[in-house]
Each structure stands twice: as C-alpha cells, then as structure tokens.
file start-v5.csv (CSV, C-alpha atoms)
chain,number,residue,atom,x,y,z
A,23,MET,CA,86.6,-31.0,98.4
A,24,ASN,CA,89.0,-33.4,99.9
A,25,THR,CA,91.8,-31.6,98.1
A,26,GLY,CA,90.8,-28.2,99.7
A,27,LEU,CA,90.7,-29.7,103.2
A,28,HIS,CA,94.1,-31.3,102.6
A,29,ARG,CA,95.5,-27.8,101.6
A,30,ILE,CA,94.2,-26.2,104.8
A,31,GLU,CA,95.6,-28.9,106.9
A,32,VAL,CA,99.0,-28.7,105.1
A,33,THR,CA,99.3,-25.0,105.5
A,34,GLY,CA,98.2,-25.3,109.2
A,35,LEU,CA,98.6,-22.2,111.3
A,36,GLY,CA,100.5,-20.3,108.7
A,37,GLY,CA,97.8,-20.6,106.2
A,38,LEU,CA,95.2,-19.6,108.7
A,39,ALA,CA,97.2,-16.4,109.5
A,40,LYS,CA,97.4,-15.6,105.8
A,41,LEU,CA,93.7,-16.1,105.3
A,42,THR,CA,93.0,-13.9,108.4
A,43,GLY,CA,95.3,-11.1,107.2
A,44,LEU,CA,93.7,-11.2,103.7
A,45,ALA,CA,90.2,-10.9,105.2
A,46,LYS,CA,91.3,-8.0,107.3
A,47,LEU,CA,92.8,-6.2,104.4
A,48,THR,CA,89.7,-6.8,102.3
A,49,GLY,CA,87.4,-5.5,105.0
A,50,LEU,CA,89.6,-2.4,105.5
A,51,ALA,CA,89.6,-1.7,101.7
A,52,LYS,CA,85.8,-1.8,101.7
A,53,LEU,CA,85.6,0.6,104.6
A,54,THR,CA,88.0,3.1,103.2
A,55,GLY,CA,86.8,2.9,99.6
A,56,ILE,CA,90.0,1.4,98.2
A,57,GLY,CA,88.2,-1.6,96.7
A,58,GLY,CA,87.0,-1.4,93.1
A,59,GLY,CA,83.4,-1.9,93.9
A,60,SER,CA,83.0,1.5,95.8
A,61,SER,CA,85.3,3.7,93.7
A,62,GLY,CA,82.5,4.7,91.4
A,63,ARG,CA,80.0,6.1,93.9
A,64,PRO,CA,80.3,9.9,94.3
A,65,GLU,CA,77.7,9.9,97.2
A,66,GLN,CA,80.1,8.0,99.4
A,67,LYS,CA,83.0,10.2,98.6
A,68,ALA,CA,81.0,13.4,99.5
A,69,ALA,CA,80.0,11.8,102.8
A,70,ARG,CA,83.6,10.9,103.6
A,71,THR,CA,84.8,14.4,102.7
A,72,SER,CA,82.1,16.0,104.9
A,73,ARG,CA,83.0,13.8,107.8
A,74,SER,CA,86.7,14.6,107.5
A,75,GLY,CA,86.0,18.4,107.4
A,76,PHE,CA,83.7,18.2,110.4
A,77,VAL,CA,86.4,16.3,112.3
A,78,TRP,CA,89.1,18.9,111.5
A,79,LEU,CA,86.8,21.8,112.3
A,80,THR,CA,85.9,20.3,115.7
A,81,ALA,CA,89.6,19.6,116.4
A,82,ALA,CA,90.6,23.2,115.6
A,83,LEU,CA,87.8,24.6,117.8
A,84,MET,CA,88.8,22.5,120.7
A,85,ILE,CA,92.5,23.5,120.3
A,86,GLY,CA,91.6,27.2,120.1
A,87,PHE,CA,89.3,27.0,123.1
A,88,GLY,CA,91.9,25.2,125.1
A,89,ALA,CA,94.5,27.8,124.3
A,90,TRP,CA,92.2,30.7,125.2
A,91,THR,CA,91.3,29.0,128.5
A,92,TYR,CA,95.0,28.5,129.4
A,93,LEU,CA,95.9,32.1,128.6
A,94,SER,CA,93.0,33.4,130.7
A,95,GLU,CA,93.9,31.4,133.7
A,96,ASP,CA,97.5,32.3,133.4
A,97,ALA,CA,96.7,36.0,133.3
A,98,SER,CA,94.3,35.8,136.2
A,99,ASN,CA,96.7,33.8,138.4
A,100,ASN,CA,99.7,36.0,137.7
A,101,PRO,CA,98.7,39.7,138.3
A,102,GLU,CA,101.8,40.5,140.4
A,103,PRO,CA,104.4,41.0,137.6
A,104,LEU,CA,102.3,43.9,136.2
A,105,GLN,CA,102.1,45.5,139.6
A,106,LEU,CA,105.8,45.0,140.2
A,107,ALA,CA,106.6,46.5,136.9
A,108,ALA,CA,104.5,49.6,137.7
A,109,ALA,CA,106.0,49.9,141.1
A,110,ALA,CA,109.6,49.6,139.8
A,111,ALA,CA,109.2,52.6,137.5
A,112,PRO,CA,112.5,54.7,137.9
A,113,GLU,CA,112.3,58.0,139.8
A,114,PRO,CA,113.9,61.1,138.4
A,115,ALA,CA,117.5,61.3,139.5
A,116,SER,CA,118.5,64.3,141.6
A,117,PRO,CA,121.1,66.7,140.4
A,118,SER,CA,123.6,65.6,143.1
A,119,ALA,CA,123.2,61.9,142.0
A,120,THR,CA,123.7,62.7,138.3
A,121,GLY,CA,126.6,65.0,139.0
A,122,ALA,CA,124.8,68.0,137.3
A,123,LYS,CA,125.4,71.4,138.6
A,124,PRO,CA,122.3,73.0,140.3
A,125,ASP,CA,120.7,76.0,138.6
A,126,PRO,CA,121.4,79.2,140.7
A,127,ALA,CA,118.2,80.7,139.4
A,128,SER,CA,116.1,77.8,140.6
A,129,ASN,CA,117.9,77.9,144.0
A,130,ALA,CA,117.2,81.6,144.3
A,131,ALA,CA,113.5,81.0,143.5
A,132,ALA,CA,113.3,78.2,146.0
A,133,THR,CA,115.0,80.2,148.8
A,134,PRO,CA,112.6,82.8,150.4
A,135,PRO,CA,114.1,86.3,150.5
A,136,GLU,CA,115.4,87.4,153.9
A,137,ALA,CA,113.5,90.0,155.7
A,138,PRO,CA,115.2,93.4,155.6
A,139,PRO,CA,116.6,94.6,158.9
A,140,ALA,CA,114.5,97.0,160.8
A,141,ALA,CA,115.4,100.6,160.0
A,142,GLU,CA,117.0,102.4,162.9
A,143,ILE,CA,115.0,105.4,164.1
A,144,PRO,CA,117.0,108.5,163.8
A,145,PRO,CA,117.9,110.1,167.2
A,146,VAL,CA,116.2,113.4,166.1
A,147,ASP,CA,112.8,111.6,165.9
A,148,GLY,CA,112.9,111.2,169.6
A,149,LEU,CA,113.5,114.9,170.3
A,150,LYS,CA,110.9,117.6,170.5
A,151,ILE,CA,110.9,121.3,171.2
A,152,SER,CA,108.2,121.8,173.8
A,153,SER,CA,108.3,125.6,174.1
A,154,GLN,CA,110.2,128.4,172.5
A,155,THR,CA,110.4,132.2,172.5
A,156,TRP,CA,112.8,134.8,171.0
A,157,ARG,CA,114.0,138.4,171.5
A,158,ARG,CA,116.5,140.8,170.0
A,159,GLY,CA,119.8,141.6,171.5
A,160,GLY,CA,123.0,143.6,170.7
A,161,LEU,CA,121.4,146.8,169.3
A,162,GLY,CA,118.5,144.7,167.8
A,163,SER,CA,120.5,142.7,165.2
A,164,LYS,CA,121.1,139.5,167.3
A,165,ALA,CA,118.4,136.8,167.5
A,166,LEU,CA,118.3,135.2,171.0
A,167,VAL,CA,116.1,132.1,171.3
A,168,THR,CA,114.9,130.4,174.4
A,169,PHE,CA,113.5,126.8,174.1
A,170,THR,CA,113.0,123.6,176.0
A,171,LEU,CA,114.2,120.4,174.4
A,172,ARG,CA,112.6,117.0,175.4
A,173,ASN,CA,114.4,113.7,174.7
A,174,SER,CA,112.2,110.6,174.7
A,175,ASN,CA,114.9,108.3,173.3
A,176,ASP,CA,116.4,105.4,175.4
A,177,TYR,CA,119.8,107.0,175.0
A,178,ALA,CA,121.4,110.4,175.4
A,179,VAL,CA,121.9,112.8,172.4
A,180,LYS,CA,124.3,115.5,171.5
A,181,ASP,CA,125.3,117.9,168.6
A,182,ILE,CA,121.7,119.0,168.2
A,183,GLU,CA,121.1,121.2,165.1
A,184,ILE,CA,118.2,123.6,165.0
A,185,ALA,CA,116.9,125.9,162.2
A,186,CYS,CA,115.0,129.1,163.0
A,187,ALA,CA,112.9,130.7,160.3
A,188,PHE,CA,112.1,134.5,160.7
A,189,ASN,CA,109.1,136.2,159.2
A,190,ARG,CA,107.9,139.8,158.7
A,191,ARG,CA,104.9,141.2,160.5
A,192,ASP,CA,102.6,140.2,157.6
A,193,GLY,CA,103.8,136.6,157.8
A,194,SER,CA,106.1,136.6,154.7
A,195,HIS,CA,109.4,134.8,155.0
A,196,LEU,CA,112.4,136.9,155.7
A,197,THR,CA,115.4,134.8,156.6
A,198,GLU,CA,116.6,131.6,158.3
A,199,ARG,CA,119.4,130.9,160.7
A,200,LYS,CA,120.9,127.5,161.9
A,201,ARG,CA,122.8,126.6,165.0
A,202,VAL,CA,124.4,123.4,166.3
A,203,ILE,CA,124.1,122.9,170.1
A,204,ARG,CA,127.1,121.0,171.4
A,205,ASP,CA,125.5,120.3,174.6
A,206,THR,CA,124.1,116.9,175.7
A,207,VAL,CA,120.5,115.9,176.6
A,208,ASP,CA,120.2,112.8,178.7
A,209,MET,CA,117.8,109.9,177.9
A,210,LYS,CA,114.1,110.4,178.9
A,211,SER,CA,114.7,114.0,180.1
A,212,ARG,CA,114.3,117.6,179.1
A,213,LYS,CA,116.6,120.6,179.0
A,214,THR,CA,116.0,124.3,178.6
A,215,PHE,CA,118.4,126.5,176.6
A,216,ALA,CA,117.9,130.2,177.5
A,217,ARG,CA,118.8,133.2,175.2
A,218,MET,CA,120.8,131.2,172.8
A,219,HIS,CA,122.3,133.3,170.0
A,220,VAL,CA,121.3,131.8,166.6
A,221,GLY,CA,122.6,134.5,164.3
A,222,PHE,CA,122.0,138.1,163.1
A,223,VAL,CA,118.6,139.0,161.6
A,224,ASN,CA,117.0,141.9,159.7
A,225,VAL,CA,115.3,144.6,161.7
A,226,ASN,CA,112.1,143.8,160.0
A,227,ALA,CA,111.9,140.3,161.5
A,228,ASN,CA,108.9,140.0,163.7
A,229,LYS,CA,108.3,136.3,164.3
A,230,ALA,CA,110.5,133.3,164.7
A,231,LYS,CA,110.0,129.5,164.7
A,232,CYS,CA,112.7,127.0,165.3
A,233,SER,CA,112.7,123.3,164.4
A,234,LEU,CA,115.0,120.3,164.9
A,235,VAL,CA,117.2,119.2,162.0
A,236,THR,CA,119.5,116.5,163.2
A,237,ALA,CA,121.2,115.0,166.3
A,238,SER,CA,123.8,112.4,167.2
A,239,ARG,CA,123.5,109.4,169.5
A,240,LEU,CA,125.8,108.9,172.5
call {"tool": "encode", "arguments": {"input": "start-v5.csv", "output": "structure tokens"}}
result
Amino acid sequence: MNTGLHRIEVTGLGGLAKLTGLAKLTGLAKLTGIGGGSSGRPEQKAARTSRSGFVWLTAALMIGFGAWTYLSEDASNNPEPLQLAAAAAPEPASPSATGAKPDPASNAAATPPEAPPAAEIPPVDGLKISSQTWRRGGLGSKALVTFTLRNSNDYAVKDIEIACAFNRRDGSHLTERKRVIRDTVDMKSRKTFARMHVGFVNVNANKAKCSLVTASRL
C-alpha cells in the first residue's frame, strides 16, 4: 500500500497523464468493440452495422436533396439565358449579303406584269356612211355613187377606202368595186360625195351597198 502510493508520488504528473490516457483508450476500445470482451457478440456487430448503414443512407439523401434544391433555384433564378438564346437565332441571309446571284425566275414571279397599253382605235371606226344612193352613167356601164360620210373622231381623216357590193334583182351577189377617196374629212364633221365613179358594173346590177374599209389619220 505504501509502496503504491510512493510510486504515484514519484511518477507525479507524468504518471497521472499516462493513467488518464490508458483509461481513455480502454473506454474507447469498449465503445468501438476493439476489446476482447465484446468481440464475440454478433448482436452488437449487427447493431453497429445497421447504425452505420442508416447514417450513410441519411447522408446520401441529404446530399441529393441539397443538390436538387440548388439546381431548381438556379434554373428559376436564371431564365434569361434561354430567352436570349432563342432571340439570338440567326435570320436567313439575303442573296445580296451572301453574294449569291438572284434567280431571274423568282424576280419575274415577284414583279407584277405590266398592263398592256390601250389599243388605239382605228380611224375608220370613227367614220360612218349616213346615207347612200347609186345610179348608172356612161351608157349604163358606170356605177356612180352618192353618199354622206360622218367623222366622229377627234382628228381629221383622209385616204378613205370604200367597197361597194352590187347585187342582181333577186338579191344574188354580182360583183364588187373598191375606191379610195383622197379627200379629207375634218374632225367632228360630215361631208357628202356626189356621183362618185366607183367602177364599171354589169348591166344586170340592180342594187348597191357601200361600206368603209380603211382610213388614215391626219
């Protein structure tokens, strides 16, 4: 007894530290199962294994939940890059910018066709024979025609060609004669041509009718 106390006193603080460290190591070994007294109990090993698995499962769930929460907040707080990417989509380049030659067929299809110019009304369309008669002359072989010509055009006309058709008494066609009148008819006026010789006709000619063929504008 006195010998033990003397050893404690001799060792002093160093011995106390050694005793304290040894006690700690002994207690830690008992808790962790390193000591020989607990190594043969399978119930304690199974309990420790369950607790370790539960701890790792809980840690994995917490890490996954934290990552999902971070990604969700980052996506909700930064919608602008998606909109900017959609707005920055490139537009198709025009042929002038790319240096490509334009297609003549497409240009022709895009250009509306020009309206054709208004057709000019022939001068003869503004002329009209208002009255006409005929008679024989020169021993009955000459056809002398008297008619009045009306000009409704806005200009004077000349070189008026007429064609006179002669029929028999029964109405059958006999012959036709043409004549060009070198005279001039003023605009918006009328003029009568009396006993104009249009040609020689058969003695059987009984009726005659003259019509306008062409005219020239002054």
call {"tool": "residues_near_point", "arguments": {"input": "start-v5.csv", "point": "(129.0, 117.1, 177.3)", "cutoff": "10 Å", "atoms": "only C-alpha atoms", "output": "VMD selection string"}}
result
chain A and resid 179 to 181 204 to 208
call {"tool": "residues_around", "arguments": {"input": "start-v5.csv", "residues": "Arg239 (chain A)", "least_positions_apart": "2", "cutoff": "12 Å", "atoms": "all atoms listed in the file", "output": "MDAnalysis selection string"}}
result
chainID A and resid 142:149 173 175:182 206:209 236:237
call {"tool": "atom_distance", "arguments": {"input": "start-v5.csv", "atom1": "CA of Trp156 (chain A)", "atom2": "CA of Glu183 (chain A)"}}
result
17.0 Å
call {"tool": "atom_distance", "arguments": {"input": "start-v5.csv", "atom1": "CA of Ser152 (chain A)", "atom2": "CA of Ser233 (chain A)"}}
result
10.5 Å
call {"tool": "atom_distance", "arguments": {"input": "start-v5.csv", "atom1": "CA of Thr155 (chain A)", "atom2": "CA of Arg191 (chain A)"}}
result
16.0 Å
call {"tool": "closest_residue", "arguments": {"input": "start-v5.csv", "among": "A:Ala227, A:Phe169, A:Ser174, A:Thr91", "to": "Ser194 (chain A)", "atoms": "only C-alpha atoms"}}
result
A:Ala227
call {"tool": "closest_residue", "arguments": {"input": "start-v5.csv", "among": "A:Lys210, A:Arg201, A:Arg157, A:Arg172", "to": "Asn228 (chain A)", "atoms": "all atoms listed in the file"}}
result
A:Arg157
call {"tool": "residues_around", "arguments": {"input": "start-v5.csv", "residues": "Met218 (chain A)", "least_positions_apart": "4", "cutoff": "8 Å", "atoms": "only C-alpha atoms", "output": "list in words"}}
result
Leu166, Val167 and Thr168 of chain A
call {"tool": "build_atoms", "arguments": {"input": "start-v5.csv", "residues": "region 217-237 of chain A", "atoms": "N, CA, C and O atoms", "output": "PDB file, keeping the file's coordinate frame"}}
result
ATOM      1  N   ARG A 217     118.134 132.140 175.957  1.00  0.00           N
ATOM      2  CA  ARG A 217     118.800 133.200 175.200  1.00  0.00           C
ATOM      3  C   ARG A 217     119.998 132.771 174.439  1.00  0.00           C
ATOM      4  O   ARG A 217     121.085 133.306 174.568  1.00  0.00           O
ATOM      5  N   MET A 218     119.759 131.733 173.612  1.00  0.00           N
ATOM      6  CA  MET A 218     120.800 131.200 172.800  1.00  0.00           C
ATOM      7  C   MET A 218     120.899 132.021 171.491  1.00  0.00           C
ATOM      8  O   MET A 218     119.898 132.234 170.805  1.00  0.00           O
ATOM      9  N   HIS A 219     122.114 132.483 171.167  1.00  0.00           N
ATOM     10  CA  HIS A 219     122.300 133.300 170.000  1.00  0.00           C
ATOM     11  C   HIS A 219     122.325 132.386 168.746  1.00  0.00           C
ATOM     12  O   HIS A 219     123.184 131.527 168.605  1.00  0.00           O
ATOM     13  N   VAL A 220     121.365 132.590 167.848  1.00  0.00           N
ATOM     14  CA  VAL A 220     121.300 131.800 166.600  1.00  0.00           C
ATOM     15  C   VAL A 220     121.770 132.510 165.407  1.00  0.00           C
ATOM     16  O   VAL A 220     121.925 131.896 164.351  1.00  0.00           O
ATOM     17  N   GLY A 221     122.028 133.791 165.480  1.00  0.00           N
ATOM     18  CA  GLY A 221     122.600 134.500 164.300  1.00  0.00           C
ATOM     19  C   GLY A 221     122.000 135.947 164.310  1.00  0.00           C
ATOM     20  O   GLY A 221     121.211 136.356 165.179  1.00  0.00           O
ATOM     21  N   PHE A 222     122.428 136.704 163.273  1.00  0.00           N
ATOM     22  CA  PHE A 222     122.000 138.100 163.100  1.00  0.00           C
ATOM     23  C   PHE A 222     120.780 138.077 162.125  1.00  0.00           C
ATOM     24  O   PHE A 222     120.739 137.333 161.145  1.00  0.00           O
ATOM     25  N   VAL A 223     119.803 138.972 162.443  1.00  0.00           N
ATOM     26  CA  VAL A 223     118.600 139.000 161.600  1.00  0.00           C
ATOM     27  C   VAL A 223     118.288 140.456 161.237  1.00  0.00           C
ATOM     28  O   VAL A 223     118.830 141.414 161.784  1.00  0.00           O
ATOM     29  N   ASN A 224     117.427 140.587 160.243  1.00  0.00           N
ATOM     30  CA  ASN A 224     117.000 141.900 159.700  1.00  0.00           C
ATOM     31  C   ASN A 224     116.120 142.560 160.778  1.00  0.00           C
ATOM     32  O   ASN A 224     115.424 141.910 161.543  1.00  0.00           O
ATOM     33  N   VAL A 225     116.125 143.874 160.739  1.00  0.00           N
ATOM     34  CA  VAL A 225     115.300 144.600 161.700  1.00  0.00           C
ATOM     35  C   VAL A 225     113.849 144.459 161.479  1.00  0.00           C
ATOM     36  O   VAL A 225     113.034 144.762 162.377  1.00  0.00           O
ATOM     37  N   ASN A 226     113.486 143.992 160.293  1.00  0.00           N
ATOM     38  CA  ASN A 226     112.100 143.800 160.000  1.00  0.00           C
ATOM     39  C   ASN A 226     111.532 142.445 160.489  1.00  0.00           C
ATOM     40  O   ASN A 226     110.337 142.171 160.345  1.00  0.00           O
ATOM     41  N   ALA A 227     112.394 141.599 161.045  1.00  0.00           N
ATOM     42  CA  ALA A 227     111.900 140.300 161.500  1.00  0.00           C
ATOM     43  C   ALA A 227     111.048 140.490 162.726  1.00  0.00           C
ATOM     44  O   ALA A 227     111.368 141.223 163.661  1.00  0.00           O
ATOM     45  N   ASN A 228     109.861 139.845 162.686  1.00  0.00           N
ATOM     46  CA  ASN A 228     108.900 140.000 163.700  1.00  0.00           C
ATOM     47  C   ASN A 228     108.565 138.709 164.468  1.00  0.00           C
ATOM     48  O   ASN A 228     108.288 138.720 165.672  1.00  0.00           O
ATOM     49  N   LYS A 229     108.603 137.604 163.729  1.00  0.00           N
ATOM     50  CA  LYS A 229     108.300 136.300 164.300  1.00  0.00           C
ATOM     51  C   LYS A 229     109.387 135.316 163.997  1.00  0.00           C
ATOM     52  O   LYS A 229     110.082 135.441 163.000  1.00  0.00           O
ATOM     53  N   ALA A 230     109.515 134.302 164.865  1.00  0.00           N
ATOM     54  CA  ALA A 230     110.500 133.300 164.700  1.00  0.00           C
ATOM     55  C   ALA A 230     109.953 131.913 165.101  1.00  0.00           C
ATOM     56  O   ALA A 230     109.191 131.820 166.068  1.00  0.00           O
ATOM     57  N   LYS A 231     110.355 130.880 164.364  1.00  0.00           N
ATOM     58  CA  LYS A 231     110.000 129.500 164.700  1.00  0.00           C
ATOM     59  C   LYS A 231     111.139 128.588 164.433  1.00  0.00           C
ATOM     60  O   LYS A 231     111.635 128.540 163.314  1.00  0.00           O
ATOM     61  N   CYS A 232     111.576 127.848 165.470  1.00  0.00           N
ATOM     62  CA  CYS A 232     112.700 127.000 165.300  1.00  0.00           C
ATOM     63  C   CYS A 232     112.242 125.502 165.272  1.00  0.00           C
ATOM     64  O   CYS A 232     111.244 125.133 165.894  1.00  0.00           O
ATOM     65  N   SER A 233     112.990 124.693 164.527  1.00  0.00           N
ATOM     66  CA  SER A 233     112.700 123.300 164.400  1.00  0.00           C
ATOM     67  C   SER A 233     113.999 122.477 164.421  1.00  0.00           C
ATOM     68  O   SER A 233     115.078 123.008 164.196  1.00  0.00           O
ATOM     69  N   LEU A 234     113.878 121.207 164.748  1.00  0.00           N
ATOM     70  CA  LEU A 234     115.000 120.300 164.900  1.00  0.00           C
ATOM     71  C   LEU A 234     115.425 119.795 163.485  1.00  0.00           C
ATOM     72  O   LEU A 234     114.569 119.441 162.661  1.00  0.00           O
ATOM     73  N   VAL A 235     116.735 119.720 163.235  1.00  0.00           N
ATOM     74  CA  VAL A 235     117.200 119.200 162.000  1.00  0.00           C
ATOM     75  C   VAL A 235     117.893 117.865 162.122  1.00  0.00           C
ATOM     76  O   VAL A 235     117.544 116.914 161.415  1.00  0.00           O
ATOM     77  N   THR A 236     118.818 117.733 163.035  1.00  0.00           N
ATOM     78  CA  THR A 236     119.500 116.500 163.200  1.00  0.00           C
ATOM     79  C   THR A 236     120.108 116.421 164.634  1.00  0.00           C
ATOM     80  O   THR A 236     120.166 117.446 165.328  1.00  0.00           O
ATOM     81  N   ALA A 237     120.546 115.199 165.028  1.00  0.00           N
ATOM     82  CA  ALA A 237     121.200 115.000 166.300  1.00  0.00           C
ATOM     83  C   ALA A 237     122.019 113.733 166.254  1.00  0.00           C
ATOM     84  O   ALA A 237     121.820 112.888 165.376  1.00  0.00           O
TER      85      ALA A 237
END
